[in-house]
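This is model21.csv (CSV, N, CA and C atoms).
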```csv
chain,number,residue,atom,x,y,z
R,1,MET,N,1.5,-6.8,1.4
R,1,MET,CA,1.0,-7.1,0.1
R,1,MET,C,1.9,-6.6,-1.0
R,2,ASP,N,2.0,-7.3,-2.1
R,2,ASP,CA,3.0,-7.0,-3.1
R,2,ASP,C,2.4,-6.0,-4.2
R,3,TYR,N,2.1,-4.8,-3.8
R,3,TYR,CA,1.7,-3.8,-4.7
R,3,TYR,C,2.2,-2.4,-4.2
R,4,ARG,N,2.2,-1.4,-5.0
R,4,ARG,CA,2.6,-0.1,-4.6
R,4,ARG,C,2.2,0.9,-5.7
R,5,LEU,N,1.9,2.1,-5.3
R,5,LEU,CA,1.7,3.2,-6.3
R,5,LEU,C,3.0,3.8,-6.6
R,6,MET,N,3.3,4.0,-7.8
R,6,MET,CA,4.5,4.6,-8.3
R,6,MET,C,4.3,5.9,-9.0
R,7,ARG,N,4.9,6.9,-8.5
R,7,ARG,CA,4.8,8.2,-9.2
R,7,ARG,C,5.8,8.2,-10.4
R,8,MET,N,5.3,8.6,-11.5
R,8,MET,CA,6.2,8.7,-12.7
R,8,MET,C,6.7,10.1,-12.9
R,9,GLU,N,8.0,10.1,-13.4
R,9,GLU,CA,8.6,11.4,-13.6
R,9,GLU,C,7.9,12.1,-14.8
R,10,VAL,N,7.5,13.3,-14.7
R,10,VAL,CA,6.8,14.0,-15.8
R,10,VAL,C,7.7,15.1,-16.3
R,11,LYS,N,7.9,15.1,-17.6
R,11,LYS,CA,8.7,16.2,-18.3
R,11,LYS,C,7.7,17.2,-18.8
R,12,VAL,N,7.8,18.4,-18.4
R,12,VAL,CA,6.9,19.5,-18.8
R,12,VAL,C,7.6,20.6,-19.5
R,13,ASP,N,7.0,21.0,-20.6
R,13,ASP,CA,7.5,22.2,-21.3
R,13,ASP,C,6.2,22.9,-21.9
R,14,ALA,N,6.5,23.9,-22.7
R,14,ALA,CA,5.4,24.7,-23.3
R,14,ALA,C,4.5,23.8,-24.2
R,15,ARG,N,5.0,22.7,-24.7
R,15,ARG,CA,4.2,21.8,-25.6
R,15,ARG,C,3.3,20.9,-24.9
R,16,GLY,N,3.5,20.7,-23.6
R,16,GLY,CA,2.7,19.7,-22.8
R,16,GLY,C,3.5,18.9,-21.9
R,17,LYS,N,3.0,17.7,-21.6
R,17,LYS,CA,3.7,16.8,-20.6
R,17,LYS,C,4.0,15.5,-21.3
R,18,LEU,N,5.1,14.8,-20.8
R,18,LEU,CA,5.5,13.6,-21.3
R,18,LEU,C,6.0,12.7,-20.2
R,19,VAL,N,5.6,11.4,-20.2
R,19,VAL,CA,6.0,10.4,-19.2
R,19,VAL,C,6.7,9.3,-20.0
R,20,SER,N,7.9,9.0,-19.7
R,20,SER,CA,8.7,7.9,-20.3
R,20,SER,C,8.7,6.7,-19.4
R,21,LEU,N,8.4,5.5,-19.9
R,21,LEU,CA,8.5,4.3,-19.2
R,21,LEU,C,9.5,3.4,-19.7
R,22,GLU,N,10.5,2.9,-18.9
R,22,GLU,CA,11.6,2.1,-19.3
R,22,GLU,C,11.7,0.9,-18.4
R,23,GLY,N,11.7,-0.3,-19.0
R,23,GLY,CA,11.8,-1.5,-18.3
R,23,GLY,C,13.2,-1.6,-17.6
R,24,LEU,N,13.2,-2.0,-16.3
R,24,LEU,CA,14.3,-2.2,-15.5
R,24,LEU,C,15.0,-0.9,-15.2
R,25,LYS,N,14.3,0.2,-15.5
R,25,LYS,CA,14.8,1.6,-15.0
R,25,LYS,C,13.7,2.1,-14.1
R,26,ASN,N,12.7,2.8,-14.6
R,26,ASN,CA,11.6,3.3,-13.7
R,26,ASN,C,10.5,2.3,-13.6
R,27,ILE,N,10.5,1.2,-14.4
R,27,ILE,CA,9.6,0.1,-14.2
R,27,ILE,C,10.4,-1.1,-13.7
R,28,PRO,N,9.9,-1.8,-12.6
R,28,PRO,CA,10.8,-2.8,-11.9
R,28,PRO,C,10.9,-4.1,-12.6
R,29,PHE,N,10.6,-4.2,-13.9
R,29,PHE,CA,10.7,-5.5,-14.6
R,29,PHE,C,11.0,-5.1,-16.1
R,30,ALA,N,11.4,-6.1,-16.8
R,30,ALA,CA,11.6,-6.0,-18.3
R,30,ALA,C,10.2,-6.1,-18.9
R,31,ILE,N,9.8,-5.2,-19.8
R,31,ILE,CA,8.5,-5.2,-20.3
R,31,ILE,C,8.5,-6.1,-21.6
R,32,LYS,N,7.6,-7.1,-21.5
R,32,LYS,CA,7.4,-8.1,-22.6
R,32,LYS,C,6.1,-7.9,-23.3
R,33,ARG,N,5.2,-7.3,-22.6
R,33,ARG,CA,3.8,-7.1,-23.2
R,33,ARG,C,3.2,-5.8,-22.8
R,34,PHE,N,2.4,-5.2,-23.7
R,34,PHE,CA,1.7,-4.0,-23.4
R,34,PHE,C,0.3,-4.2,-24.0
R,35,TYR,N,-0.7,-3.8,-23.2
R,35,TYR,CA,-2.0,-3.8,-23.7
R,35,TYR,C,-2.8,-2.7,-23.0
R,36,TYR,N,-4.0,-2.4,-23.6
R,36,TYR,CA,-4.8,-1.3,-23.0
R,36,TYR,C,-6.3,-1.6,-23.1
R,37,MET,N,-7.0,-1.0,-22.2
R,37,MET,CA,-8.5,-1.2,-22.1
R,37,MET,C,-9.1,0.2,-22.3
R,38,TYR,N,-10.2,0.2,-23.0
R,38,TYR,CA,-10.9,1.5,-23.3
R,38,TYR,C,-12.4,1.2,-23.5
R,39,ASP,N,-13.2,2.2,-23.6
R,39,ASP,CA,-14.6,2.1,-23.6
R,39,ASP,C,-15.2,1.3,-22.5
R,40,THR,N,-14.6,1.5,-21.3
R,40,THR,CA,-15.0,0.8,-20.1
R,40,THR,C,-16.4,1.3,-19.7
R,41,ILE,N,-17.2,0.4,-19.1
R,41,ILE,CA,-18.5,0.8,-18.7
R,41,ILE,C,-18.6,0.8,-17.1
R,42,PRO,N,-19.1,1.9,-16.6
R,42,PRO,CA,-19.0,2.1,-15.1
R,42,PRO,C,-19.6,1.0,-14.2
R,43,ASP,N,-20.7,0.3,-14.6
R,43,ASP,CA,-21.3,-0.7,-13.8
R,43,ASP,C,-20.8,-2.1,-14.1
R,44,LYS,N,-19.8,-2.2,-14.9
R,44,LYS,CA,-19.2,-3.6,-15.3
R,44,LYS,C,-17.9,-3.7,-14.5
R,45,GLU,N,-17.7,-4.9,-14.0
R,45,GLU,CA,-16.4,-5.2,-13.2
R,45,GLU,C,-15.5,-6.1,-14.1
R,46,ARG,N,-14.3,-6.0,-13.9
R,46,ARG,CA,-13.3,-6.8,-14.6
R,46,ARG,C,-12.3,-7.4,-13.7
R,47,GLY,N,-11.4,-8.1,-14.2
R,47,GLY,CA,-10.3,-8.7,-13.4
R,47,GLY,C,-10.7,-10.1,-12.8
R,48,PHE,N,-10.8,-10.2,-11.5
R,48,PHE,CA,-11.2,-11.4,-10.8
R,48,PHE,C,-10.3,-12.5,-11.2
R,49,HIS,N,-9.0,-12.2,-11.1
R,49,HIS,CA,-8.0,-13.2,-11.3
R,49,HIS,C,-6.7,-12.8,-10.6
R,50,ALA,N,-5.7,-13.7,-10.6
R,50,ALA,CA,-4.3,-13.4,-10.1
R,50,ALA,C,-3.4,-14.1,-11.2
R,51,HIS,N,-2.1,-13.7,-11.1
R,51,HIS,CA,-1.1,-14.3,-11.9
R,51,HIS,C,-0.1,-14.9,-11.0
R,52,ARG,N,0.4,-16.1,-11.4
R,52,ARG,CA,1.4,-16.8,-10.6
R,52,ARG,C,2.7,-16.1,-10.6
R,53,GLU,N,3.2,-15.7,-11.7
R,53,GLU,CA,4.6,-15.1,-11.8
R,53,GLU,C,4.6,-13.8,-12.5
R,54,LEU,N,3.6,-13.4,-13.1
R,54,LEU,CA,3.5,-12.1,-13.9
R,54,LEU,C,3.5,-10.9,-13.0
R,55,GLU,N,4.2,-9.9,-13.3
R,55,GLU,CA,4.2,-8.6,-12.7
R,55,GLU,C,3.6,-7.6,-13.7
R,56,GLN,N,2.9,-6.6,-13.2
R,56,GLN,CA,2.2,-5.6,-14.0
R,56,GLN,C,2.4,-4.2,-13.5
R,57,LEU,N,2.3,-3.2,-14.4
R,57,LEU,CA,2.2,-1.9,-14.0
R,57,LEU,C,1.0,-1.3,-14.8
R,58,VAL,N,0.0,-0.8,-14.0
R,58,VAL,CA,-1.3,-0.3,-14.6
R,58,VAL,C,-1.3,1.2,-14.4
R,59,ILE,N,-1.7,1.9,-15.5
R,59,ILE,CA,-1.8,3.4,-15.4
R,59,ILE,C,-3.1,3.8,-16.0
R,60,ALA,N,-3.9,4.6,-15.3
R,60,ALA,CA,-5.1,5.2,-15.9
R,60,ALA,C,-4.7,6.4,-16.7
R,61,ILE,N,-4.5,6.2,-18.0
R,61,ILE,CA,-4.1,7.4,-18.8
R,61,ILE,C,-5.2,8.4,-19.0
R,62,ASP,N,-6.4,7.9,-18.8
R,62,ASP,CA,-7.6,8.9,-18.9
R,62,ASP,C,-8.7,8.3,-18.0
R,63,GLY,N,-9.3,9.1,-17.2
R,63,GLY,CA,-10.4,8.6,-16.3
R,63,GLY,C,-9.9,8.0,-15.0
R,64,ALA,N,-10.8,7.2,-14.4
R,64,ALA,CA,-10.4,6.6,-13.1
R,64,ALA,C,-11.1,5.2,-13.0
R,65,CYS,N,-10.6,4.4,-12.1
R,65,CYS,CA,-11.2,3.2,-11.7
R,65,CYS,C,-10.6,2.7,-10.3
R,66,GLU,N,-11.3,1.8,-9.7
R,66,GLU,CA,-10.9,1.3,-8.4
R,66,GLU,C,-10.3,-0.1,-8.6
R,67,PHE,N,-9.2,-0.4,-8.0
R,67,PHE,CA,-8.6,-1.8,-7.9
R,67,PHE,C,-8.8,-2.3,-6.5
R,68,VAL,N,-9.3,-3.5,-6.4
R,68,VAL,CA,-9.3,-4.2,-5.1
R,68,VAL,C,-8.3,-5.3,-5.2
R,69,LEU,N,-7.3,-5.2,-4.3
R,69,LEU,CA,-6.1,-6.1,-4.3
R,69,LEU,C,-6.2,-7.0,-3.1
R,70,ASP,N,-5.8,-8.2,-3.3
R,70,ASP,CA,-6.0,-9.2,-2.2
R,70,ASP,C,-4.8,-10.2,-2.3
R,71,ASP,N,-4.1,-10.4,-1.2
R,71,ASP,CA,-3.0,-11.4,-1.2
R,71,ASP,C,-3.4,-12.7,-0.5
R,72,GLY,N,-4.6,-12.9,-0.2
R,72,GLY,CA,-5.1,-14.1,0.5
R,72,GLY,C,-5.3,-13.9,2.0
R,73,ARG,N,-4.7,-12.8,2.5
R,73,ARG,CA,-4.7,-12.5,3.9
R,73,ARG,C,-5.5,-11.2,4.2
R,74,SER,N,-5.3,-10.2,3.3
R,74,SER,CA,-6.0,-9.0,3.5
R,74,SER,C,-6.4,-8.4,2.1
R,75,ARG,N,-7.3,-7.4,2.1
R,75,ARG,CA,-7.7,-6.7,0.9
R,75,ARG,C,-7.5,-5.2,1.0
R,76,ASP,N,-7.1,-4.6,0.0
R,76,ASP,CA,-6.9,-3.1,0.0
R,76,ASP,C,-7.6,-2.6,-1.3
R,77,SER,N,-8.1,-1.4,-1.2
R,77,SER,CA,-8.7,-0.7,-2.3
R,77,SER,C,-7.8,0.5,-2.7
R,78,VAL,N,-7.5,0.6,-4.0
R,78,VAL,CA,-6.7,1.6,-4.6
R,78,VAL,C,-7.4,2.2,-5.7
R,79,TRP,N,-7.4,3.6,-5.8
R,79,TRP,CA,-8.0,4.3,-6.9
R,79,TRP,C,-6.8,4.7,-7.9
R,80,LEU,N,-7.0,4.5,-9.1
R,80,LEU,CA,-6.1,5.0,-10.2
R,80,LEU,C,-6.9,6.1,-10.9
R,81,ASN,N,-6.3,7.3,-10.9
R,81,ASN,CA,-7.0,8.4,-11.5
R,81,ASN,C,-6.1,9.5,-12.0
R,82,ARG,N,-4.8,9.2,-12.2
R,82,ARG,CA,-3.8,10.1,-12.7
R,82,ARG,C,-2.9,9.4,-13.7
R,83,PRO,N,-2.6,10.1,-14.8
R,83,PRO,CA,-1.7,9.5,-15.8
R,83,PRO,C,-0.3,9.5,-15.4
R,84,ASP,N,0.1,10.1,-14.2
R,84,ASP,CA,1.5,10.1,-13.8
R,84,ASP,C,1.7,9.2,-12.6
R,85,VAL,N,0.7,8.3,-12.3
R,85,VAL,CA,0.8,7.4,-11.2
R,85,VAL,C,0.5,6.0,-11.7
R,86,GLY,N,1.4,5.1,-11.5
R,86,GLY,CA,1.1,3.7,-11.9
R,86,GLY,C,0.9,2.8,-10.7
R,87,LEU,N,0.2,1.7,-10.9
R,87,LEU,CA,0.0,0.8,-9.8
R,87,LEU,C,0.8,-0.5,-10.2
R,88,TYR,N,1.8,-0.7,-9.4
R,88,TYR,CA,2.6,-2.0,-9.6
R,88,TYR,C,1.9,-3.1,-8.9
R,89,ILE,N,1.6,-4.2,-9.6
R,89,ILE,CA,1.0,-5.4,-9.0
R,89,ILE,C,2.0,-6.5,-9.1
R,90,GLY,N,2.4,-7.1,-8.0
R,90,GLY,CA,3.4,-8.2,-8.0
R,90,GLY,C,2.7,-9.5,-8.2
R,91,LYS,N,3.5,-10.5,-8.0
R,91,LYS,CA,3.0,-11.9,-8.2
R,91,LYS,C,2.0,-12.3,-7.2
R,92,LYS,N,1.1,-13.2,-7.6
R,92,LYS,CA,0.1,-13.8,-6.8
R,92,LYS,C,-0.7,-12.8,-6.0
R,93,MET,N,-1.2,-11.8,-6.7
R,93,MET,CA,-2.1,-10.8,-6.1
R,93,MET,C,-3.4,-10.9,-6.9
R,94,TRP,N,-4.5,-11.2,-6.2
R,94,TRP,CA,-5.8,-11.2,-6.7
R,94,TRP,C,-6.2,-9.8,-7.0
R,95,ARG,N,-6.8,-9.5,-8.2
R,95,ARG,CA,-7.2,-8.2,-8.5
R,95,ARG,C,-8.7,-8.1,-9.1
R,96,GLU,N,-9.4,-7.1,-8.6
R,96,GLU,CA,-10.7,-6.9,-9.1
R,96,GLU,C,-10.7,-5.4,-9.5
R,97,MET,N,-11.4,-5.1,-10.6
R,97,MET,CA,-11.4,-3.7,-11.1
R,97,MET,C,-12.9,-3.3,-11.2
R,98,ARG,N,-13.2,-2.1,-10.6
R,98,ARG,CA,-14.6,-1.7,-10.6
R,98,ARG,C,-14.7,-0.2,-10.6
R,99,ASN,N,-15.9,0.3,-10.6
R,99,ASN,CA,-16.2,1.8,-10.5
R,99,ASN,C,-15.4,2.6,-11.6
R,100,PHE,N,-15.5,2.1,-12.8
R,100,PHE,CA,-14.8,2.8,-13.9
R,100,PHE,C,-15.6,4.1,-14.2
R,101,SER,N,-14.8,5.1,-14.5
R,101,SER,CA,-15.5,6.4,-15.0
R,101,SER,C,-15.8,6.1,-16.5
R,102,TYR,N,-16.7,6.8,-17.0
R,102,TYR,CA,-17.0,6.7,-18.5
R,102,TYR,C,-15.8,7.0,-19.3
R,103,GLY,N,-15.4,6.2,-20.2
R,103,GLY,CA,-14.3,6.4,-21.0
R,103,GLY,C,-12.9,6.2,-20.4
R,104,CYS,N,-12.9,5.5,-19.2
R,104,CYS,CA,-11.6,5.2,-18.6
R,104,CYS,C,-10.7,4.4,-19.6
R,105,LYS,N,-9.5,4.8,-19.6
R,105,LYS,CA,-8.5,4.1,-20.4
R,105,LYS,C,-7.4,3.7,-19.5
R,106,LEU,N,-7.1,2.4,-19.5
R,106,LEU,CA,-6.1,1.8,-18.7
R,106,LEU,C,-5.0,1.2,-19.6
R,107,MET,N,-3.8,1.5,-19.3
R,107,MET,CA,-2.6,1.0,-20.0
R,107,MET,C,-1.9,0.0,-19.1
R,108,VAL,N,-1.6,-1.2,-19.6
R,108,VAL,CA,-1.0,-2.2,-18.7
R,108,VAL,C,0.4,-2.6,-19.4
R,109,LEU,N,1.4,-2.6,-18.6
R,109,LEU,CA,2.7,-3.2,-18.9
R,109,LEU,C,2.9,-4.5,-18.2
R,110,ALA,N,3.3,-5.5,-18.9
R,110,ALA,CA,3.5,-6.8,-18.2
R,110,ALA,C,4.9,-7.4,-18.4
R,111,SER,N,5.3,-8.2,-17.4
R,111,SER,CA,6.6,-8.7,-17.4
R,111,SER,C,6.8,-9.9,-18.3
R,112,ASP,N,5.7,-10.5,-18.8
R,112,ASP,CA,5.9,-11.6,-19.7
R,112,ASP,C,4.8,-11.6,-20.7
R,113,TYR,N,4.9,-12.5,-21.7
R,113,TYR,CA,3.9,-12.7,-22.8
R,113,TYR,C,2.7,-13.4,-22.2
R,114,TYR,N,1.6,-13.3,-22.9
R,114,TYR,CA,0.3,-13.9,-22.5
R,114,TYR,C,0.5,-15.4,-22.4
R,115,ASP,N,0.0,-15.9,-21.3
R,115,ASP,CA,0.0,-17.4,-21.1
R,115,ASP,C,-1.2,-17.7,-20.2
R,116,GLU,N,-2.2,-18.3,-20.8
R,116,GLU,CA,-3.4,-18.6,-20.0
R,116,GLU,C,-3.1,-19.5,-18.8
R,117,SER,N,-2.2,-20.4,-18.9
R,117,SER,CA,-1.9,-21.2,-17.7
R,117,SER,C,-1.3,-20.5,-16.5
R,118,GLU,N,-0.9,-19.2,-16.8
R,118,GLU,CA,-0.3,-18.4,-15.7
R,118,GLU,C,-1.4,-17.7,-14.9
R,119,TYR,N,-2.7,-17.8,-15.3
R,119,TYR,CA,-3.8,-17.1,-14.6
R,119,TYR,C,-4.4,-18.1,-13.6
R,120,ILE,N,-4.8,-17.5,-12.5
R,120,ILE,CA,-5.6,-18.2,-11.5
R,120,ILE,C,-6.9,-17.4,-11.5
R,121,ARG,N,-8.0,-18.1,-12.0
R,121,ARG,CA,-9.3,-17.4,-12.2
R,121,ARG,C,-10.3,-17.8,-11.2
R,122,ASP,N,-10.0,-18.7,-10.3
R,122,ASP,CA,-10.9,-19.2,-9.3
R,122,ASP,C,-10.4,-18.7,-7.9
R,123,TYR,N,-11.2,-18.0,-7.2
R,123,TYR,CA,-10.7,-17.4,-5.9
R,123,TYR,C,-10.3,-18.5,-4.9
R,124,ALA,N,-11.0,-19.6,-4.8
R,124,ALA,CA,-10.7,-20.7,-3.9
R,124,ALA,C,-9.4,-21.3,-4.3
R,125,MET,N,-9.1,-21.5,-5.5
R,125,MET,CA,-7.8,-22.0,-6.0
R,125,MET,C,-6.7,-21.0,-5.6
R,126,PHE,N,-6.9,-19.7,-5.8
R,126,PHE,CA,-6.0,-18.7,-5.5
R,126,PHE,C,-5.6,-18.8,-4.0
R,127,LEU,N,-6.6,-19.0,-3.1
R,127,LEU,CA,-6.3,-19.1,-1.7
R,127,LEU,C,-5.5,-20.3,-1.4
R,128,LYS,N,-5.8,-21.4,-2.1
R,128,LYS,CA,-5.0,-22.7,-1.9
R,128,LYS,C,-3.5,-22.4,-2.2
R,129,GLU,N,-3.3,-21.7,-3.3
R,129,GLU,CA,-1.9,-21.5,-3.8
R,129,GLU,C,-1.1,-20.5,-2.9
R,130,VAL,N,-1.8,-19.5,-2.3
R,130,VAL,CA,-1.0,-18.5,-1.6
R,130,VAL,C,-1.0,-18.8,-0.1
R,131,LEU,N,-1.8,-19.6,0.4
R,131,LEU,CA,-1.9,-19.8,1.9
R,131,LEU,C,-1.2,-21.1,2.3
```
Please lay out the structure from this file as C-alpha cells.
Amino acid sequence: MDYRLMRMEVKVDARGKLVSLEGLKNIPFAIKRFYYMYDTIPDKERGFHAHRELEQLVIAIDGACEFVLDDGRSRDSVWLNRPDVGLYIGKKMWREMRNFSYGCKLMVLASDYYDESEYIRDYAMFLKEVL
C-alpha cells in the first residue's frame, strides 16, 4: 500500500519546538496546496474518497484521529496523534477518517491544486480503477 508514517525532524531549544516542512526535501513532493481542518467532532467521519494522482502529507498538529487506508486489496488503520509524525498518502489510496478527538486539528500538504475531477468519491468506482 502506498502510505507511510514519516517522522519529522524537530528542532528544540529553550523557546520550544519547531518542525520545518520543505517540498522535495523532507516532503516527497512539491507542495502546491495547504489546508487544515479544525473543530472536528468525534462521532463524525470524513474522507471517503481517493485521489487519482494527488499525493498528500497529513499531520495532526493537535489531537488525534484514525485513518483507514485502502488500496483495493487490503485495509490498514493508522492513528495520527503527534505533531512530529506525518502520514504520507500516495496516489489511488481510499481514505476514511474517524474517531477524532475533540478539537483535533489536521494540517494537509498536497502535491497539486484542488481539482474536483481528481477525486474518486464512489468506492465501487475506486475498485474499478485500481483493480
### Message
Would you pick out the contacts of Ser111 in chain R at 7 Å or less, using only C-alpha atoms, so that residues sharing its chain but fewer than 3 positions from it are not included, and give the list as a ChimeraX atom specification?
### Response
/R:29-33,54-56
### Task
Taking (-6.6, 5.0, -24.8) in the file's own coordinates, collect the residues within 6.5 Å, counting all atoms listed in the file, and hand them back as a PyMOL selection string.
chain R and resi 37-38+105-106
### Task
Would you mind listing what lies within 10 Å of Ala50 in chain R as a list in words, with only C-alpha atoms counted and same-chain residues fewer than 2 positions away left out?
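Neighbouring residues, sequence-local ones excluded: Gly47, Phe48, Arg52, Glu53, Leu54, Leu69, Asp70, Asp71, Ile89, Gly90, Lys91, Lys92, Met93, Trp94, Arg95, Glu96, Glu118, Tyr119, Ile120, Arg121, Asp122, Tyr123 and Phe126 of chain R.
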#### Entry: Between CA of Gly16 in chain R and atom C of Met107 in chain R, distance in Å (one decimal)
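Computed distance, CA of Gly16 in chain R to atom C of Met107 in chain R, equals 20.6 Å.
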### Task
Pull the alpha helix (DSSP H) assignments for chain R out of DSSP run on the backbone, and list those residues as number ranges by chain.
R: 123-130
#### Entry: Residue list (strand (DSSP E or B), DSSP) for range 63-110 of chain R, as a PyMOL selection string
chain R and resi 65-70+75-80+85-89+94-98+105-110
Can you check which parts of range 31-131 of chain R lie within 5 Å of range 1-10 of chain R? Per residue, the shortest pair of atoms and distance in Å to one decimal, counting all atoms listed in the file, sorted by chain and number, as a Markdown table.
```
| residue | atom | partner | partner_atom | distance |
| --- | --- | --- | --- | --- |
| R:Asp84 | C | R:Met8 | N | 3.8 |
| R:Val85 | CA | R:Met6 | C | 4.4 |
| R:Gly86 | N | R:Met6 | C | 3.9 |
| R:Leu87 | CA | R:Leu5 | CA | 4.6 |
| R:Tyr88 | N | R:Arg4 | C | 4.1 |
| R:Ile89 | CA | R:Tyr3 | CA | 4.6 |
| R:Gly90 | N | R:Asp2 | C | 4.0 |
```
### Task
Please provide the set of residues having any atom within 9 Å of Leu131 in chain R, restricted to only C-alpha atoms, with same-chain residues fewer than 2 positions apart removed, written as a list in words.
Gly72, Arg73, Phe126, Leu127, Lys128 and Glu129 of chain R
### Query
Residues around (-12.1, 9.1, -13.5), cut-off 6 Å, counting only N, CA and C atoms - what are they as number ranges by chain?
R: 62-65, 81, 101
### Query
Can you list, as an NGL selection string, every protein, DNA or RNA residue that comes within 9 Å of Arg98 in chain R when you count only C-alpha atoms, leaving out same-chain residues fewer than 3 positions away?
:R and (42-47 or 65-68)
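Reported to one decimal place, the separation of CA of Cys104 in chain R from CA of Ile27 in chain R is 22.2 Å.
Here atom C of Ser74 in chain R stands at a distance of 19.7 Å from atom C of Asn99 in chain R.
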